[in-house]
Every structure is written in C-alpha cells, then in structure tokens.
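Below is one structure, written out as structure tokens; comments come after it.
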Amino acid sequence: MRFNRIFLGIVCSSSLFGLCGCFSWYDYNSASNYGSQRDEHRQDTSRAYQTAQQYTTVSHNHTRLEMNQFLSDQVAAMNGVNSAIVMMADNTAYVAIIIDSTASGTKSSTRETNNGGTVRGLYNPATPFNDYADPNKLATGTNSYETVQHHEQISHLFKQKIAEKIRSLQPTVVDVYISAHRDYINELNRLAQESWKGNDLTPYVKEFDAISDYIFGTQPTIPTQSEG
C-alpha cells in the first residue's frame, strides 16, 4: 500500500511537470512579454496612448516642436525597443521606435526587414555588389531591426507600457502617439539630426504635422477587447 502511494505521488508529480511543458507559463505579461491575453494585474486605467482619438476626431496641428533626448533614451532602454526618437509637439509626445527581439508579443505583423544577406556577409542580397546604406535613414528594410507598417499592428500592451513610461517621466504630456512605420522613423531621425546640430525645429512643424496625420489618421479609433 505504501509503495502504491509513493508511485502515485511520482505519477502526479510527473504529470504536473508534463503540464508545465505543454502549457506556456508566459501567459502573464512582464517587461519582456507584451503579448499576454491574460494580465495578472489587469489595468483599471484607460488607454494611455491616442487617448483623445478614442472618442473623437483629432487634429495634429501644433505650434512648437522639439526633440526630447531624455525620453528617447528611456524608451530605447525598454525591452523590445532597439531605437527610439521622441518628439514633443506642444505637450503631445510622438514616438518612433524600431523593434528588436528582446521582448515577445510586440507586434502582430509579419517581418518587414530582409536580413537574408547577413549570413552571406552582404548588406543587401538584392544588390550584392553594392553595400551602400543611406546615412540619413535609420530604418532601411535591409540588415536591420523590425519596422511595422501600421501602428495598430503594434500590440496594445507594448504601446501602453511605452506611453505609461513617458507619462510617468513627464506628467505634462497630454497624449502619446507611437509608430514603427519606416517612413516615420526616418523622418523623425532626420529631425533629430537637425536638433543635434542645435537647429530650431519650428520651421518643420507643418511637415511634421502632415506626416503625423498620414501615419495616425484623424478619425476615432475603436478600442479592442484587449485594451482595458
């Protein structure tokens, strides 16, 4: 009888370990997993990004533009982010990110970057005899980290954590817009270079607003079931 109890205990333990192997224990979100559908600590607050756009049409119409290096560095330090540029247009933060593999659940889109030449020692396998890379482009789609065509393909939790980070560091921020679109990354990188040179970004406000209109739209966005 004692042997049977010991044997049963071993079977139960083995089954438990077997279940651990069959079912993911990464269902709860963490600093390196933004894809959870079952958050251990569900958020009671509303969406922290594109907040106004949940309810009404918006207008990307600003009078002042500047790059915030501190916020850029803080967002770039987050898991899942390779590079980040944060522009402050009045009191609204506009964020361009390049996504890396240091976190899971960051996006729902397929790969947009061709890294096929890496193993062959080539920058671009489509042009094997030309390894030129435009220094003005942070994201080229070749031999680089990931971009995302549409901001809605970036996971809610990933954007939420980025927006919460920005709001906690700069409480005066009234809204946050986040994109990993290649054109947006490169445009903000171009403006960042002007800022690093000490140039005023005010002359670029209108074109910045225009590309923000294009990337984020102006019509209301409908929150998904996971946003809450």
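Each chain of the structure tokens is named A, B, ... in the order shown, its residues numbered from 1; ligands are numbered from 1 in display order.
With only C-alpha atoms taken into account, the protein and nucleic acid residues at most 8 Å from range 59-66 of chain A (excluding it and anything under 5 positions from it in its own chain) are Met87, Met88, Ala89, Asp90, Ser195, Asp200, Leu201, Thr202, Tyr204, Val205, Lys206, Asp209, Ala210, Ser212, Asp213 and Thr218 of chain A.
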Residue contacts of Asp175 in chain A (8 Å, only C-alpha atoms) excluding same-chain residues fewer than 6 positions away, as an MDAnalysis selection string: chainID A and resid 48:52 91:93
Could you give me, as a PyMOL selection string, the residues within 12 Å of Ala163 in chain A, counting only C-alpha atoms and dropping anything in the same chain fewer than 4 positions from it? chain A and resi 46-51+71+74-75+78+86+92-95+156-159+167-171+173-179
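Rounded to one decimal, CA of Ser144 in chain A and CA of Ser72 in chain A lie 19.1 Å from each other.
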Using only C-alpha atoms, which protein or nucleic acid residues come within 12 Å of Trp196 in chain A? Drop anything in the same chain fewer than 6 positions from it, and give the result as an MDAnalysis selection string. chainID A and resid 66:69 189:190
Keeping N, CA, C and O atoms, export the residues of the selection given above as a compact mmCIF listing (two decimals), in the first residue's frame.
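Below is the file part21.txt, written as the result:
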```
# COMPACT_ATOMS: atom_id res chain seq x y z
N GLU A 66 10.04 69.98 -30.68
CA GLU A 66 11.41 69.77 -30.21
C GLU A 66 11.64 68.30 -29.91
O GLU A 66 10.71 67.55 -29.60
N MET A 67 12.89 67.89 -30.04
CA MET A 67 13.23 66.51 -29.71
C MET A 67 13.54 66.42 -28.22
O MET A 67 14.18 67.31 -27.66
N ASN A 68 13.08 65.34 -27.58
CA ASN A 68 13.35 65.12 -26.17
C ASN A 68 14.32 63.93 -26.06
O ASN A 68 13.92 62.77 -26.18
N GLN A 69 15.58 64.24 -25.85
CA GLN A 69 16.61 63.20 -25.80
C GLN A 69 16.44 62.28 -24.60
O GLN A 69 16.64 61.06 -24.69
N ASN A 189 14.05 60.73 -37.46
CA ASN A 189 15.51 60.67 -37.39
C ASN A 189 16.13 61.90 -38.07
O ASN A 189 17.12 62.47 -37.58
N ARG A 190 15.56 62.30 -39.19
CA ARG A 190 16.04 63.49 -39.89
C ARG A 190 15.88 64.73 -39.02
O ARG A 190 16.80 65.56 -38.92
```
Looking only at the backbone, which of the residues in range 66-227 of chain A does DSSP tag as alpha helix (DSSP H), as a CSV table (one decimal) with N, CA, C and O atoms, in the first residue's frame?
```csv
chain,number,residue,atom,x,y,z
A,69,GLN,N,15.6,64.2,-25.8
A,69,GLN,CA,16.6,63.2,-25.8
A,69,GLN,C,16.4,62.3,-24.6
A,69,GLN,O,16.6,61.1,-24.7
A,70,PHE,N,16.1,62.8,-23.5
A,70,PHE,CA,15.9,62.0,-22.3
A,70,PHE,C,14.8,61.0,-22.4
A,70,PHE,O,15.0,59.8,-22.2
A,71,LEU,N,13.7,61.4,-22.9
A,71,LEU,CA,12.6,60.4,-23.2
A,71,LEU,C,13.0,59.4,-24.2
A,71,LEU,O,12.6,58.2,-24.1
A,72,SER,N,13.7,59.9,-25.2
A,72,SER,CA,14.1,59.0,-26.3
A,72,SER,C,15.0,57.9,-25.7
A,72,SER,O,14.8,56.7,-26.0
A,73,ASP,N,15.9,58.2,-24.8
A,73,ASP,CA,16.8,57.3,-24.2
A,73,ASP,C,16.1,56.3,-23.3
A,73,ASP,O,16.4,55.1,-23.3
A,74,GLN,N,15.1,56.8,-22.6
A,74,GLN,CA,14.3,56.0,-21.6
A,74,GLN,C,13.5,55.0,-22.4
A,74,GLN,O,13.4,53.8,-22.0
A,75,VAL,N,12.9,55.4,-23.5
A,75,VAL,CA,12.1,54.4,-24.3
A,75,VAL,C,13.0,53.4,-25.0
A,75,VAL,O,12.7,52.2,-25.0
A,76,ALA,N,14.1,53.8,-25.5
A,76,ALA,CA,15.1,52.9,-26.1
A,76,ALA,C,15.6,51.9,-25.2
A,76,ALA,O,16.0,50.8,-25.6
A,156,HIS,N,-1.2,46.3,-28.1
A,156,HIS,CA,-1.7,47.2,-27.1
A,156,HIS,C,-0.8,47.4,-25.9
A,156,HIS,O,-0.5,48.5,-25.5
A,157,LEU,N,-0.4,46.3,-25.3
A,157,LEU,CA,0.3,46.3,-24.1
A,157,LEU,C,1.7,47.0,-24.3
A,157,LEU,O,2.2,47.7,-23.4
A,158,PHE,N,2.3,46.7,-25.4
A,158,PHE,CA,3.6,47.3,-25.7
A,158,PHE,C,3.4,48.8,-25.8
A,158,PHE,O,4.2,49.6,-25.2
A,159,LYS,N,2.5,49.3,-26.5
A,159,LYS,CA,2.2,50.7,-26.6
A,159,LYS,C,1.8,51.3,-25.3
A,159,LYS,O,2.2,52.4,-24.9
A,160,GLN,N,1.0,50.6,-24.5
A,160,GLN,CA,0.6,51.1,-23.2
A,160,GLN,C,1.8,51.3,-22.3
A,160,GLN,O,1.9,52.3,-21.6
A,161,LYS,N,2.7,50.3,-22.3
A,161,LYS,CA,3.9,50.5,-21.4
A,161,LYS,C,4.8,51.6,-21.8
A,161,LYS,O,5.3,52.3,-21.0
A,162,ILE,N,4.9,51.8,-23.1
A,162,ILE,CA,5.7,52.9,-23.6
A,162,ILE,C,5.1,54.3,-23.2
A,162,ILE,O,5.7,55.2,-22.7
A,163,ALA,N,3.8,54.4,-23.4
A,163,ALA,CA,3.0,55.6,-23.1
A,163,ALA,C,3.1,55.9,-21.6
A,163,ALA,O,3.2,57.0,-21.1
A,164,GLU,N,2.9,54.8,-20.8
A,164,GLU,CA,2.9,55.0,-19.3
A,164,GLU,C,4.3,55.4,-18.9
A,164,GLU,O,4.4,56.3,-18.0
A,165,LYS,N,5.4,54.9,-19.5
A,165,LYS,CA,6.7,55.3,-19.2
A,165,LYS,C,6.9,56.8,-19.5
A,165,LYS,O,7.5,57.5,-18.6
A,166,ILE,N,6.5,57.3,-20.6
A,166,ILE,CA,6.6,58.7,-21.0
A,166,ILE,C,5.8,59.5,-20.0
A,166,ILE,O,6.3,60.6,-19.5
A,167,ARG,N,4.6,59.2,-19.7
A,167,ARG,CA,3.7,60.0,-18.9
A,167,ARG,C,4.3,60.0,-17.5
A,167,ARG,O,4.1,61.1,-16.8
A,168,SER,N,4.9,58.9,-17.0
A,168,SER,CA,5.4,58.9,-15.6
A,168,SER,C,6.7,59.8,-15.5
A,168,SER,O,6.9,60.5,-14.5
A,169,LEU,N,7.4,59.9,-16.6
A,169,LEU,CA,8.6,60.7,-16.6
A,169,LEU,C,8.4,62.2,-16.9
A,169,LEU,O,9.1,63.1,-16.5
A,182,ARG,N,8.4,52.7,-41.1
A,182,ARG,CA,9.7,53.0,-41.6
A,182,ARG,C,9.9,54.5,-42.0
A,182,ARG,O,10.8,55.1,-41.7
A,183,ASP,N,8.9,55.0,-42.7
A,183,ASP,CA,9.0,56.4,-43.2
A,183,ASP,C,8.9,57.4,-42.0
A,183,ASP,O,9.6,58.4,-42.0
A,184,TYR,N,8.1,57.0,-41.0
A,184,TYR,CA,8.0,57.9,-39.8
A,184,TYR,C,9.3,57.9,-39.0
A,184,TYR,O,9.8,58.9,-38.5
A,185,ILE,N,9.9,56.7,-38.9
A,185,ILE,CA,11.2,56.6,-38.2
A,185,ILE,C,12.2,57.4,-38.8
A,185,ILE,O,13.0,58.2,-38.2
A,186,ASN,N,12.3,57.3,-40.2
A,186,ASN,CA,13.3,58.1,-40.9
A,186,ASN,C,13.1,59.6,-40.9
A,186,ASN,O,14.0,60.4,-40.8
A,187,GLU,N,11.8,60.0,-40.9
A,187,GLU,CA,11.5,61.4,-40.8
A,187,GLU,C,11.9,62.0,-39.4
A,187,GLU,O,12.5,63.1,-39.3
A,188,LEU,N,11.5,61.3,-38.4
A,188,LEU,CA,11.9,61.7,-37.0
A,188,LEU,C,13.4,61.7,-36.8
A,188,LEU,O,13.9,62.5,-36.1
A,189,ASN,N,14.1,60.7,-37.5
A,189,ASN,CA,15.5,60.7,-37.4
A,189,ASN,C,16.1,61.9,-38.1
A,189,ASN,O,17.1,62.5,-37.6
A,190,ARG,N,15.6,62.3,-39.2
A,190,ARG,CA,16.0,63.5,-39.9
A,190,ARG,C,15.9,64.7,-39.0
A,190,ARG,O,16.8,65.6,-38.9
A,191,LEU,N,14.7,64.9,-38.4
A,191,LEU,CA,14.5,66.0,-37.5
A,191,LEU,C,15.4,65.9,-36.2
A,191,LEU,O,15.9,67.0,-35.8
A,192,ALA,N,15.7,64.7,-35.8
A,192,ALA,CA,16.6,64.6,-34.6
A,192,ALA,C,18.0,65.0,-35.0
A,192,ALA,O,18.6,65.7,-34.1
A,193,GLN,N,18.4,64.7,-36.2
A,193,GLN,CA,19.7,65.2,-36.6
A,193,GLN,C,19.8,66.7,-36.6
A,193,GLN,O,20.8,67.3,-36.3
A,194,GLU,N,18.7,67.3,-37.1
A,194,GLU,CA,18.7,68.8,-37.0
A,194,GLU,C,18.8,69.3,-35.6
A,194,GLU,O,19.5,70.3,-35.3
A,195,SER,N,18.1,68.6,-34.7
A,195,SER,CA,18.1,69.0,-33.3
A,195,SER,C,19.5,68.9,-32.7
A,195,SER,O,20.0,69.7,-32.0
A,196,TRP,N,20.2,67.8,-33.0
A,196,TRP,CA,21.5,67.5,-32.5
A,196,TRP,C,22.5,68.6,-33.0
A,196,TRP,O,23.5,68.9,-32.4
A,205,VAL,N,7.5,72.2,-38.4
A,205,VAL,CA,6.2,71.9,-37.7
A,205,VAL,C,5.1,71.4,-38.7
A,205,VAL,O,4.5,70.4,-38.5
A,206,LYS,N,4.9,72.2,-39.8
A,206,LYS,CA,3.9,71.9,-40.7
A,206,LYS,C,4.1,70.5,-41.4
A,206,LYS,O,3.1,69.7,-41.5
A,207,GLU,N,5.3,70.2,-41.8
A,207,GLU,CA,5.5,68.9,-42.5
A,207,GLU,C,5.5,67.8,-41.4
A,207,GLU,O,5.1,66.7,-41.8
A,208,PHE,N,5.9,68.1,-40.2
A,208,PHE,CA,5.8,67.1,-39.1
A,208,PHE,C,4.3,66.7,-38.9
A,208,PHE,O,3.9,65.6,-38.8
A,209,ASP,N,3.5,67.8,-38.8
A,209,ASP,CA,2.0,67.5,-38.6
A,209,ASP,C,1.4,66.8,-39.8
A,209,ASP,O,0.5,65.9,-39.5
A,210,ALA,N,1.9,67.1,-41.0
A,210,ALA,CA,1.3,66.4,-42.1
A,210,ALA,C,1.6,64.9,-42.1
A,210,ALA,O,0.7,64.1,-42.4
A,211,ILE,N,2.9,64.5,-41.8
A,211,ILE,CA,3.2,63.1,-41.8
A,211,ILE,C,2.5,62.4,-40.6
A,211,ILE,O,2.2,61.2,-40.7
A,212,SER,N,2.3,63.1,-39.5
A,212,SER,CA,1.6,62.5,-38.3
A,212,SER,C,0.1,62.3,-38.7
A,212,SER,O,-0.4,61.3,-38.3
A,213,ASP,N,-0.5,63.2,-39.5
A,213,ASP,CA,-1.8,63.0,-40.0
A,213,ASP,C,-1.9,61.7,-40.8
A,213,ASP,O,-2.8,60.9,-40.7
A,214,TYR,N,-0.9,61.5,-41.6
A,214,TYR,CA,-0.8,60.4,-42.5
A,214,TYR,C,-0.6,59.1,-41.7
A,214,TYR,O,-1.3,58.0,-42.0
A,215,ILE,N,0.3,59.1,-40.8
A,215,ILE,CA,0.6,57.8,-40.0
A,215,ILE,C,-0.5,57.4,-39.1
A,215,ILE,O,-0.9,56.3,-39.0
A,216,PHE,N,-1.1,58.4,-38.3
A,216,PHE,CA,-2.0,58.1,-37.3
A,216,PHE,C,-3.5,58.3,-37.7
A,216,PHE,O,-4.4,57.9,-37.0
```
Can you list, as a list in words, every protein, DNA or RNA residue that comes within 10 Å of Ser101 in chain A when you count only C-alpha atoms, leaving out same-chain residues fewer than 6 positions away? Ser32, Asn79, Gly80, Val81, Asn82, Tyr145 and Glu146 of chain A
Residues at most 9 Å from Gln153 in chain A, counting only C-alpha atoms, excluding those fewer than 4 positions away in the same chain, as a ChimeraX atom specification? /A:106-109,148-149
File of the preceding selection, N, CA, C and O atoms, as a PDB file, in the first residue's frame:
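Listed below is the output, again-v2.pdb:
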```pdb
ATOM      1  N   THR A 106       5.311  41.951 -29.216  1.00  0.00           N
ATOM      2  CA  THR A 106       5.373  43.380 -29.515  1.00  0.00           C
ATOM      3  C   THR A 106       4.527  43.776 -30.711  1.00  0.00           C
ATOM      4  O   THR A 106       4.091  44.918 -30.820  1.00  0.00           O
ATOM      5  N   LYS A 107       4.279  42.824 -31.631  1.00  0.00           N
ATOM      6  CA  LYS A 107       3.575  43.181 -32.857  1.00  0.00           C
ATOM      7  C   LYS A 107       2.864  41.956 -33.437  1.00  0.00           C
ATOM      8  O   LYS A 107       3.171  40.819 -33.083  1.00  0.00           O
ATOM      9  N   SER A 108       1.932  42.228 -34.329  1.00  0.00           N
ATOM     10  CA  SER A 108       1.182  41.144 -34.966  1.00  0.00           C
ATOM     11  C   SER A 108       1.522  41.007 -36.437  1.00  0.00           C
ATOM     12  O   SER A 108       1.037  40.108 -37.103  1.00  0.00           O
ATOM     13  N   SER A 109       2.335  41.898 -36.948  1.00  0.00           N
ATOM     14  CA  SER A 109       2.640  41.895 -38.382  1.00  0.00           C
ATOM     15  C   SER A 109       3.751  40.912 -38.721  1.00  0.00           C
ATOM     16  O   SER A 109       4.495  40.453 -37.851  1.00  0.00           O
ATOM     17  N   VAL A 148       7.100  48.319 -38.511  1.00  0.00           N
ATOM     18  CA  VAL A 148       5.703  47.877 -38.591  1.00  0.00           C
ATOM     19  C   VAL A 148       4.929  48.886 -39.425  1.00  0.00           C
ATOM     20  O   VAL A 148       4.948  50.091 -39.130  1.00  0.00           O
ATOM     21  N   GLN A 149       4.267  48.415 -40.453  1.00  0.00           N
ATOM     22  CA  GLN A 149       3.588  49.294 -41.399  1.00  0.00           C
ATOM     23  C   GLN A 149       2.509  50.146 -40.757  1.00  0.00           C
ATOM     24  O   GLN A 149       2.385  51.327 -41.046  1.00  0.00           O
TER      25      GLN A 149
END
```
